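Data from upload.txt: compact mmCIF, C-alpha atoms and all ligand atoms
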# COMPACT_ATOMS: atom_id res chain seq x y z
CA MET A 1 0.00 0.00 0.00
CA GLY A 2 1.32 3.46 -0.89
CA THR A 3 0.47 6.63 0.97
CA CYS A 4 -3.24 7.45 0.84
CA VAL A 5 -4.16 11.13 1.15
CA ILE A 6 -7.66 11.67 2.52
CA CYS A 7 -9.29 15.03 3.17
CA PHE A 8 -12.31 15.73 5.37
CA ALA A 9 -14.49 18.30 3.67
CA ASN A 10 -17.99 19.73 3.84
CA ASN A 11 -18.84 23.38 3.40
CA LYS A 12 -21.46 22.97 6.10
CA GLY A 13 -19.87 24.26 9.31
CA GLY A 14 -19.77 22.12 12.43
CA SER A 15 -20.44 18.88 10.59
CA GLY A 16 -17.68 17.02 12.44
CA LYS A 17 -14.81 17.36 9.94
CA THR A 18 -12.10 18.17 12.45
CA THR A 19 -13.26 15.69 15.09
CA THR A 20 -13.49 12.94 12.48
CA CYS A 21 -10.11 13.80 10.96
CA ALA A 22 -8.35 13.82 14.35
CA ASN A 23 -10.03 10.66 15.64
CA THR A 24 -9.67 8.69 12.43
CA GLY A 25 -5.99 9.61 12.55
CA SER A 26 -5.68 8.52 16.16
CA ALA A 27 -7.53 5.28 15.51
CA LEU A 28 -5.40 4.46 12.44
CA SER A 29 -2.26 5.11 14.52
CA LEU A 30 -3.48 2.61 17.13
CA MET A 31 -3.83 0.10 14.31
CA GLY A 32 -0.10 0.59 13.67
CA ARG A 33 -0.50 2.94 10.71
CA LYS A 34 1.80 5.91 10.35
CA VAL A 35 -0.25 9.08 10.00
CA LEU A 36 0.44 12.70 9.05
CA LEU A 37 -2.33 15.18 9.83
CA ILE A 38 -2.45 18.53 8.05
CA ASP A 39 -4.51 21.31 9.59
CA GLY A 40 -6.01 23.35 6.77
CA ASP A 41 -8.29 25.51 8.89
CA MET A 42 -7.56 28.87 10.49
CA GLN A 43 -9.54 27.73 13.56
CA MET A 44 -6.54 25.44 14.29
CA ASN A 45 -8.79 22.90 15.99
CA LEU A 46 -6.97 19.92 14.49
CA THR A 47 -3.64 21.25 15.78
CA LEU A 48 -5.30 21.79 19.17
CA SER A 49 -6.33 18.12 19.24
CA PHE A 50 -2.65 17.15 19.51
CA PHE A 51 -0.95 20.14 21.12
CA GLY A 52 -1.72 22.53 23.98
CA GLU A 53 -2.59 26.16 23.33
CA ASP A 54 0.91 27.41 24.14
CA ASP A 55 2.48 25.11 21.57
CA VAL A 56 -0.08 26.11 18.96
CA LEU A 57 0.62 29.81 19.52
CA GLU A 58 4.34 29.15 19.37
CA PHE A 59 3.97 27.35 16.02
CA ALA A 60 2.12 30.36 14.65
CA GLU A 61 4.78 32.77 15.93
CA SER A 62 7.59 30.67 14.50
CA GLY A 63 6.15 31.14 11.03
CA ARG A 64 6.31 27.38 10.38
CA THR A 65 2.73 26.50 9.55
CA VAL A 66 0.97 25.32 6.42
CA TYR A 67 0.18 28.95 5.60
CA GLU A 68 3.82 30.01 5.24
CA ALA A 69 4.65 26.88 3.26
CA ILE A 70 1.96 27.82 0.73
CA VAL A 71 2.84 31.51 0.54
CA LYS A 72 6.58 30.83 0.18
CA GLU A 73 5.91 27.79 -2.02
CA GLU A 74 8.15 25.62 0.15
CA ASP A 75 8.14 21.87 0.31
CA LEU A 76 6.04 20.73 3.30
CA SER A 77 8.59 18.22 4.67
CA SER A 78 10.28 20.79 6.88
CA TYR A 79 6.96 21.88 8.41
CA ILE A 80 6.22 18.53 10.05
CA ARG A 81 5.95 18.42 13.86
CA LYS A 82 6.25 15.33 16.02
CA THR A 83 3.53 14.63 18.57
CA ASP A 84 3.69 12.53 21.76
CA ASP A 85 2.39 9.66 19.69
CA GLU A 86 5.18 8.18 17.60
CA ASN A 87 2.77 7.21 14.81
CA ILE A 88 1.27 10.69 14.44
CA ASP A 89 2.88 13.82 13.03
CA VAL A 90 1.13 17.13 12.38
CA ILE A 91 1.58 20.11 10.09
CA PRO A 92 -0.02 22.95 12.09
CA ALA A 93 -2.28 25.78 10.94
CA SER A 94 -2.32 29.42 11.94
CA THR A 95 -4.93 32.17 11.93
CA LEU A 96 -3.11 33.65 8.92
CA LEU A 97 -5.00 31.12 6.81
CA THR A 98 -7.83 33.69 6.84
CA SER A 99 -6.07 35.41 3.94
CA ILE A 100 -5.09 32.28 1.99
CA GLU A 101 -7.63 32.94 -0.80
CA MET A 102 -6.02 36.30 -1.56
CA ASP A 103 -2.52 34.85 -1.34
CA LEU A 104 -3.40 32.08 -3.78
CA PHE A 105 -4.86 34.51 -6.26
CA THR A 106 -1.54 35.63 -7.74
CA LYS A 107 0.01 32.15 -7.92
CA ILE A 108 0.58 30.30 -11.15
CA ARG A 109 -1.37 27.02 -11.36
CA ARG A 110 -2.81 27.95 -7.99
CA GLU A 111 -5.18 24.98 -7.69
CA PHE A 112 -2.23 22.56 -7.72
CA LEU A 113 0.04 24.28 -5.22
CA LEU A 114 -0.67 22.12 -2.14
CA SER A 115 -0.45 18.97 -4.23
CA ARG A 116 2.97 20.05 -5.55
CA LEU A 117 4.31 20.99 -2.11
CA LEU A 118 3.08 17.71 -0.60
CA LYS A 119 4.55 15.49 -3.32
CA LYS A 120 7.89 14.86 -1.63
CA VAL A 121 6.25 13.91 1.69
CA LYS A 122 3.79 11.65 -0.11
CA ASP A 123 6.44 9.96 -2.26
CA SER A 124 8.78 9.46 0.73
CA GLY A 125 6.61 6.54 1.84
CA ASP A 126 7.04 7.69 5.47
CA TYR A 127 3.28 7.65 6.01
CA ASP A 128 0.46 5.20 5.38
CA TYR A 129 -2.05 8.04 5.59
CA ILE A 130 -2.00 11.78 5.18
CA LEU A 131 -5.25 13.25 6.52
CA ILE A 132 -6.16 16.87 5.74
CA ASP A 133 -8.77 18.87 7.65
CA ALA A 134 -10.58 21.36 5.38
CA PRO A 135 -12.33 24.55 6.50
CA PRO A 136 -16.10 25.00 5.96
CA THR A 137 -15.70 26.91 2.68
CA LEU A 138 -15.71 26.19 -1.05
CA GLY A 139 -12.95 28.28 -2.56
CA ASN A 140 -9.54 27.94 -4.06
CA TRP A 141 -7.96 26.67 -0.86
CA VAL A 142 -10.44 23.81 -0.47
CA MET A 143 -9.89 23.10 -4.17
CA ASN A 144 -6.16 22.80 -3.37
CA ILE A 145 -6.95 20.43 -0.51
CA LEU A 146 -9.18 18.26 -2.73
CA ILE A 147 -6.64 18.17 -5.56
CA ALA A 148 -3.87 17.15 -3.15
CA SER A 149 -6.07 14.24 -1.96
CA ASP A 150 -6.72 10.77 -3.36
CA ARG A 151 -9.99 10.47 -1.44
CA VAL A 152 -12.47 12.77 0.25
CA MET A 153 -14.58 11.92 3.27
CA ILE A 154 -17.71 13.95 3.87
CA PRO A 155 -18.83 14.12 7.49
CA VAL A 156 -22.53 14.96 7.69
CA GLU A 157 -24.21 16.01 10.90
CA ALA A 158 -27.40 14.11 11.77
CA THR A 159 -29.61 17.20 11.92
CA PRO A 160 -32.34 18.51 9.58
CA TRP A 161 -29.86 20.90 8.01
CA GLY A 162 -27.04 18.38 7.86
CA LEU A 163 -28.01 17.18 4.40
CA PHE A 164 -28.90 20.64 3.16
CA GLY A 165 -26.00 21.83 1.05
CA LEU A 166 -24.62 18.34 0.48
CA ALA A 167 -25.46 18.70 -3.22
CA ASN A 168 -23.33 21.87 -3.35
CA MET A 169 -20.45 19.91 -1.90
CA THR A 170 -20.78 16.99 -4.30
CA ASP A 171 -21.18 19.38 -7.29
CA PHE A 172 -18.01 21.15 -6.22
CA ILE A 173 -16.16 17.84 -5.95
CA GLY A 174 -17.50 16.92 -9.40
CA ARG A 175 -16.01 20.08 -10.87
CA VAL A 176 -12.68 19.46 -9.14
CA GLN A 177 -12.65 15.92 -10.55
CA GLU A 178 -12.64 17.42 -14.06
CA ILE A 179 -9.12 18.70 -13.42
CA ALA A 180 -8.13 16.03 -10.86
CA PRO A 181 -9.62 12.80 -12.23
CA GLY A 182 -7.81 10.72 -9.60
CA LEU A 183 -9.95 12.13 -6.78
CA ASP A 184 -12.58 9.73 -5.39
CA ILE A 185 -15.30 10.22 -2.80
CA LEU A 186 -14.49 7.69 -0.07
CA GLY A 187 -17.88 8.17 1.55
CA ILE A 188 -20.25 10.02 3.81
CA VAL A 189 -19.96 9.50 7.54
CA VAL A 190 -22.87 10.46 9.78
CA THR A 191 -21.76 12.32 12.91
CA LYS A 192 -23.40 13.52 16.11
CA ALA A 193 -26.27 11.07 15.68
CA ASP A 194 -28.86 10.89 18.41
CA GLU A 195 -31.12 7.86 18.23
CA ARG A 196 -33.67 9.48 20.50
CA LYS A 197 -34.48 11.86 17.68
CA ASN A 198 -36.71 10.64 14.87
CA TYR A 199 -34.86 12.80 12.45
CA TYR A 200 -31.84 10.55 12.61
CA LYS A 201 -33.84 7.60 11.23
CA GLN A 202 -35.26 9.69 8.42
CA MET A 203 -31.77 10.81 7.53
CA ARG A 204 -30.44 7.22 7.36
CA GLU A 205 -33.24 6.44 4.92
CA THR A 206 -32.47 9.45 2.74
CA LEU A 207 -28.79 8.51 2.71
CA SER A 208 -29.53 4.89 1.83
CA GLU A 209 -31.22 6.17 -1.33
CA LEU A 210 -27.99 7.79 -2.54
CA ASP A 211 -26.67 5.15 -4.86
CA GLU A 212 -23.63 6.93 -6.19
CA ILE A 213 -22.00 7.71 -2.86
CA HIS A 214 -20.85 5.20 -0.28
CA VAL A 215 -22.21 5.74 3.22
CA PHE A 216 -20.06 4.34 6.02
CA GLU A 217 -21.62 1.67 8.22
CA SER A 218 -20.01 3.25 11.26
CA VAL A 219 -22.03 6.11 12.68
CA ILE A 220 -20.62 8.51 15.28
CA HIS A 221 -23.12 9.28 18.02
CA VAL A 222 -23.35 12.34 20.21
CA ASP A 223 -21.01 11.75 23.11
CA SER A 224 -19.82 14.24 25.71
CA SER A 225 -16.46 12.41 25.88
CA VAL A 226 -15.65 14.00 22.51
CA GLU A 227 -15.73 17.43 24.09
CA TRP A 228 -13.84 16.36 27.23
CA ALA A 229 -11.11 14.97 24.99
CA GLN A 230 -10.91 18.23 23.04
CA ASP A 231 -10.71 20.15 26.30
CA ALA A 232 -7.68 18.00 27.17
CA SER A 233 -6.01 18.66 23.75
CA SER A 234 -6.62 15.07 22.82
CA THR A 235 -8.75 12.78 20.71
CA VAL A 236 -11.48 10.69 22.29
CA VAL A 237 -9.80 7.58 20.92
CA LYS A 238 -6.76 8.30 23.10
CA TYR A 239 -8.53 10.03 25.96
CA LYS A 240 -11.25 7.48 26.67
CA ARG A 241 -10.94 4.23 24.78
CA SER A 242 -13.98 2.77 26.52
CA SER A 243 -16.36 5.54 25.37
CA ARG A 244 -18.98 4.92 22.74
CA SER A 245 -17.54 7.43 20.27
CA ALA A 246 -13.98 6.05 20.66
CA LYS A 247 -15.25 2.58 19.74
CA GLU A 248 -17.17 4.04 16.81
CA TYR A 249 -14.10 5.87 15.56
CA MET A 250 -12.04 2.66 15.82
CA GLN A 251 -14.71 0.96 13.73
CA LEU A 252 -14.71 3.79 11.20
CA ALA A 253 -10.91 3.63 10.90
CA LYS A 254 -11.16 -0.10 10.13
CA GLU A 255 -13.65 0.66 7.37
CA VAL A 256 -11.40 3.39 5.98
CA ASP A 257 -8.35 1.12 6.12
CA GLY A 258 -10.28 -1.65 4.37
CA LEU A 259 -11.34 0.66 1.54
CA CYS A 260 -7.83 2.10 1.10
CA GLN A 261 -5.90 -1.17 0.89
N1 LIG B 1 -19.74 12.87 18.44
C1 LIG B 1 -19.82 14.07 19.01
N2 LIG B 1 -20.46 14.24 20.18
C2 LIG B 1 -20.56 15.47 20.74
N3 LIG B 1 -20.04 16.59 20.22
C3 LIG B 1 -19.39 16.49 19.04
C4 LIG B 1 -19.25 15.25 18.36
N4 LIG B 1 -18.55 15.48 17.22
C5 LIG B 1 -18.28 16.78 17.19
N5 LIG B 1 -18.78 17.41 18.26
C6 LIG B 1 -18.72 18.85 18.58
O1 LIG B 1 -19.37 19.53 17.54
C7 LIG B 1 -18.65 20.72 17.20
C8 LIG B 1 -18.31 20.70 15.72
O2 LIG B 1 -17.43 19.62 15.47
P1 LIG B 1 -16.14 19.83 14.53
O3 LIG B 1 -15.37 21.01 15.00
O4 LIG B 1 -15.47 18.53 14.43
O5 LIG B 1 -16.88 20.20 13.16
P2 LIG B 1 -16.24 20.87 11.88
O6 LIG B 1 -17.01 20.39 10.72
O7 LIG B 1 -14.78 20.66 11.86
O8 LIG B 1 -16.54 22.41 12.15
P3 LIG B 1 -16.02 23.64 11.23
O9 LIG B 1 -16.90 23.64 10.04
O10 LIG B 1 -16.20 24.83 12.11
O11 LIG B 1 -14.59 23.36 10.90
C9 LIG B 1 -17.45 20.77 18.12
O12 LIG B 1 -17.74 21.61 19.19
C10 LIG B 1 -17.28 19.36 18.59
O13 LIG B 1 -16.76 19.29 19.88
MG MG B 2 -13.24 22.05 11.60

Mind turning the file's structure into structure tokens?
Amino acid sequence: MGTCVICFANNKGGSGKTTTCANTGSALSLMGRKVLLIDGDMQMNLTLSFFGEDDVLEFAESGRTVYEAIVKEEDLSSYIRKTDDENIDVIPASTLLTSIEMDLFTKIRREFLLSRLLKKVKDSGDYDYILIDAPPTLGNWVMNILIASDRVMIPVEATPWGLFGLANMTDFIGRVQEIAPGLDILGIVVTKADERKNYYKQMRETLSELDEIHVFESVIHVDSSVEWAQDASSTVVKYKRSSRSAKEYMQLAKEVDGLCQ
């Protein structure tokens, strides 16, 4: 198996992209896979899932985040940070990513920049997986993230508005595939499900009617452990292995690993 690059994208905010990216990464690392996580969002929540606030601020001050790599068009290898977990490395984000759309505007072949800067890391074979957390937007930066990826996972929140806008996302991916034909949709993963709510059941039915897009068997339920883990700069998979969501993320990672072999 070569290195599989997977991004977590959905222009709907709060759909569980970052939580799913961080926990899938953690779960894959527990399965012995070597994982690099790239934080593509100015909110820096993915970075905060592996480092404390002081470290995250220090990364930003040092000028060694994904933002500077893009602006200076530098290979991403030298931006990699080690975490406490020997199977997980991270390329941090900074709040400067707020201006990334403007910075990309003047670049030649701007849609392909991240892909180009990631090539050396990908070809090194150092990682089984490179997971990229996308922000809740649909612009040139997310296009870069999609083009740099082999697969895209779409986390969808189990709420009435969770599916609203999904067509925008899949249309956008369709347009990106015209210039990046290698990009596949890995699947939709339902997050923050609450079985006590009827809406969840209706949503499962709607999703089962989508025949072109795979829907993951594993569903992530609402679980307060997710938030406690985030409060402790950790993933729920590491923080509380016995919790429902940790088990669900382990299951999801097995599905992902099975599809990527
Ligand atoms: N399974 C869960 N149980 C409880 N809370 C959750 C769960 N998954 C995510 N959350 C919470 O929901 C919020 C949104 O999750 P997350 O940040 O992962 O979404 P996102 O799609 O990355 O958001 P954004 O679009 O802002 O980047 C967070 O506060 C997170 O703690
Ligand atoms: Mg996020």

### Query
Neighbours of Glu217 of chain A within 8 Å (all atoms listed in the file; same-chain residues fewer than 2 positions away dropped), as a PyMOL selection string?
chain A and resi 215+219+252

### Task
Check the smallest atom-to-atom distance from each of A:Lys12, A:Lys201, A:Arg33, A:Arg244 to Val222 of chain A using only C-alpha atoms, then report the winner.
A:Arg244

Ligand MG 2 (chain B): which residues are within 8 Å, counting only C-alpha atoms and all ligand atoms, as a PDB file with C-alpha atoms, in the frame of the given file?
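Ended up saving to pocket_14.pdb:
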ATOM      1  CA  GLY A  13     -19.870  24.260   9.310  1.00  0.00           C
ATOM      2  CA  GLY A  14     -19.770  22.120  12.430  1.00  0.00           C
ATOM      3  CA  SER A  15     -20.440  18.880  10.590  1.00  0.00           C
ATOM      4  CA  GLY A  16     -17.680  17.020  12.440  1.00  0.00           C
ATOM      5  CA  LYS A  17     -14.810  17.360   9.940  1.00  0.00           C
ATOM      6  CA  THR A  18     -12.100  18.170  12.450  1.00  0.00           C
ATOM      7  CA  THR A  19     -13.260  15.690  15.090  1.00  0.00           C
ATOM      8  CA  ASP A  41      -8.290  25.510   8.890  1.00  0.00           C
ATOM      9  CA  GLN A  43      -9.540  27.730  13.560  1.00  0.00           C
ATOM     10  CA  MET A  44      -6.540  25.440  14.290  1.00  0.00           C
ATOM     11  CA  ASN A  45      -8.790  22.900  15.990  1.00  0.00           C
ATOM     12  CA  LEU A  46      -6.970  19.920  14.490  1.00  0.00           C
ATOM     13  CA  ASP A 133      -8.770  18.870   7.650  1.00  0.00           C
ATOM     14  CA  ALA A 134     -10.580  21.360   5.380  1.00  0.00           C
ATOM     15  CA  PRO A 135     -12.330  24.550   6.500  1.00  0.00           C
ATOM     16  CA  PRO A 136     -16.100  25.000   5.960  1.00  0.00           C
TER      17      PRO A 136
END

### Query
Could you pull the residues within 7 Å of Asp89 of chain A, counting all atoms listed in the file, minus those fewer than 3 positions along the same chain, as a PyMOL selection string?
chain A and resi 35-37+80-83

Selection from above, C-alpha atoms, as a JSON list (two decimals), in the coordinates of the input, can you write it?
[["chain", "number", "residue", "atom", "x", "y", "z"],
["A", 35, "VAL", "CA", -0.25, 9.08, 10.00],
["A", 36, "LEU", "CA", 0.44, 12.70, 9.05],
["A", 37, "LEU", "CA", -2.33, 15.18, 9.83],
["A", 80, "ILE", "CA", 6.22, 18.53, 10.05],
["A", 81, "ARG", "CA", 5.95, 18.42, 13.86],
["A", 82, "LYS", "CA", 6.25, 15.33, 16.02],
["A", 83, "THR", "CA", 3.53, 14.63, 18.57]]

### Message
List the spatial neighbours of Lys34 of chain A as JSON, numbers by chain - criterion: any atom at most 10 Å away, all atoms listed in the file, same-chain residues fewer than 2 positions off excluded.
### Response
{"A": [3, 25, 26, 28, 29, 30, 31, 32, 36, 86, 87, 88, 89, 125, 126, 127, 128, 129, 130]}

For the residues in that selection, give me C-alpha atoms as a PDB file, in the coordinates of the input.
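To be explicit, this is the file written out as result30.pdb:
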ATOM      1  CA  THR A   3       0.470   6.630   0.970  1.00  0.00           C
ATOM      2  CA  GLY A  25      -5.990   9.610  12.550  1.00  0.00           C
ATOM      3  CA  SER A  26      -5.680   8.520  16.160  1.00  0.00           C
ATOM      4  CA  LEU A  28      -5.400   4.460  12.440  1.00  0.00           C
ATOM      5  CA  SER A  29      -2.260   5.110  14.520  1.00  0.00           C
ATOM      6  CA  LEU A  30      -3.480   2.610  17.130  1.00  0.00           C
ATOM      7  CA  MET A  31      -3.830   0.100  14.310  1.00  0.00           C
ATOM      8  CA  GLY A  32      -0.100   0.590  13.670  1.00  0.00           C
ATOM      9  CA  LEU A  36       0.440  12.700   9.050  1.00  0.00           C
ATOM     10  CA  GLU A  86       5.180   8.180  17.600  1.00  0.00           C
ATOM     11  CA  ASN A  87       2.770   7.210  14.810  1.00  0.00           C
ATOM     12  CA  ILE A  88       1.270  10.690  14.440  1.00  0.00           C
ATOM     13  CA  ASP A  89       2.880  13.820  13.030  1.00  0.00           C
ATOM     14  CA  GLY A 125       6.610   6.540   1.840  1.00  0.00           C
ATOM     15  CA  ASP A 126       7.040   7.690   5.470  1.00  0.00           C
ATOM     16  CA  TYR A 127       3.280   7.650   6.010  1.00  0.00           C
ATOM     17  CA  ASP A 128       0.460   5.200   5.380  1.00  0.00           C
ATOM     18  CA  TYR A 129      -2.050   8.040   5.590  1.00  0.00           C
ATOM     19  CA  ILE A 130      -2.000  11.780   5.180  1.00  0.00           C
TER      20      ILE A 130
END

### Task
With only C-alpha atoms counted, which protein, DNA or RNA residues have an atom no more than 12 Å from (-2.3, 15.5, 2.1) in the file frame? Please answer as number ranges by chain.
A: 3-8, 21, 35-40, 66, 76-77, 90-91, 113-123, 127-134, 142, 144-152

### Between atom CA of Gln177 of chain A and atom CA of Thr98 of chain A, distance in Å (one decimal)
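About the pair atom CA of Gln177 of chain A and atom CA of Thr98 of chain A: they are 25.3 Å apart.
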
### Message
Under the rule that all atoms listed in the file are counted, which of A:Arg196, A:Cys260, A:Ile188, A:Phe59 is the nearest residue to Leu210 of chain A?
### Response
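Selected residue with least distance to Leu210 of chain A: A:Ile188.
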
### Task
Kindly indicate which residue among A:Met1, A:Ile213, A:Ile154, A:Leu259 lies nearest to ligand LIG 1 (chain B), using only C-alpha atoms and all ligand atoms for the distances.
A:Ile154

### Selection near segment 167-169 of chain A, 8 Å with only C-alpha atoms, sequence-local residues under 4 positions removed, as number ranges by chain
A: 10-11, 138, 173

### Message
Just to confirm, what's the straight-line distance from atom CA of Trp161 of chain A to atom CA of Tyr200 of chain A in Å (one decimal)?
### Response
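Interatomic distance, atom CA of Trp161 of chain A to atom CA of Tyr200 of chain A: 11.5 Å.
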
### Query
What is the distance between atom O13 of ligand LIG 1 (chain B) and atom CA of Lys240 of chain A, in Å to one decimal?
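For atom O13 of ligand LIG 1 (chain B) relative to atom CA of Lys240 of chain A, the distance reads 14.7 Å.
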
### Query
Counting only C-alpha atoms and all ligand atoms, which of A:Ile185, A:Ile179, A:Ala9, A:Ala69 gets nearest to ligand LIG 1 (chain B)?
A:Ala9

### Task
Extract, using all atoms listed in the file, all DNA, RNA and protein residues at most 9 Å from Val71 of chain A, discarding same-chain residues fewer than 6 positions from it, and format them as a list in words.
Ile100, Asp103, Leu104 and Lys107 of chain A
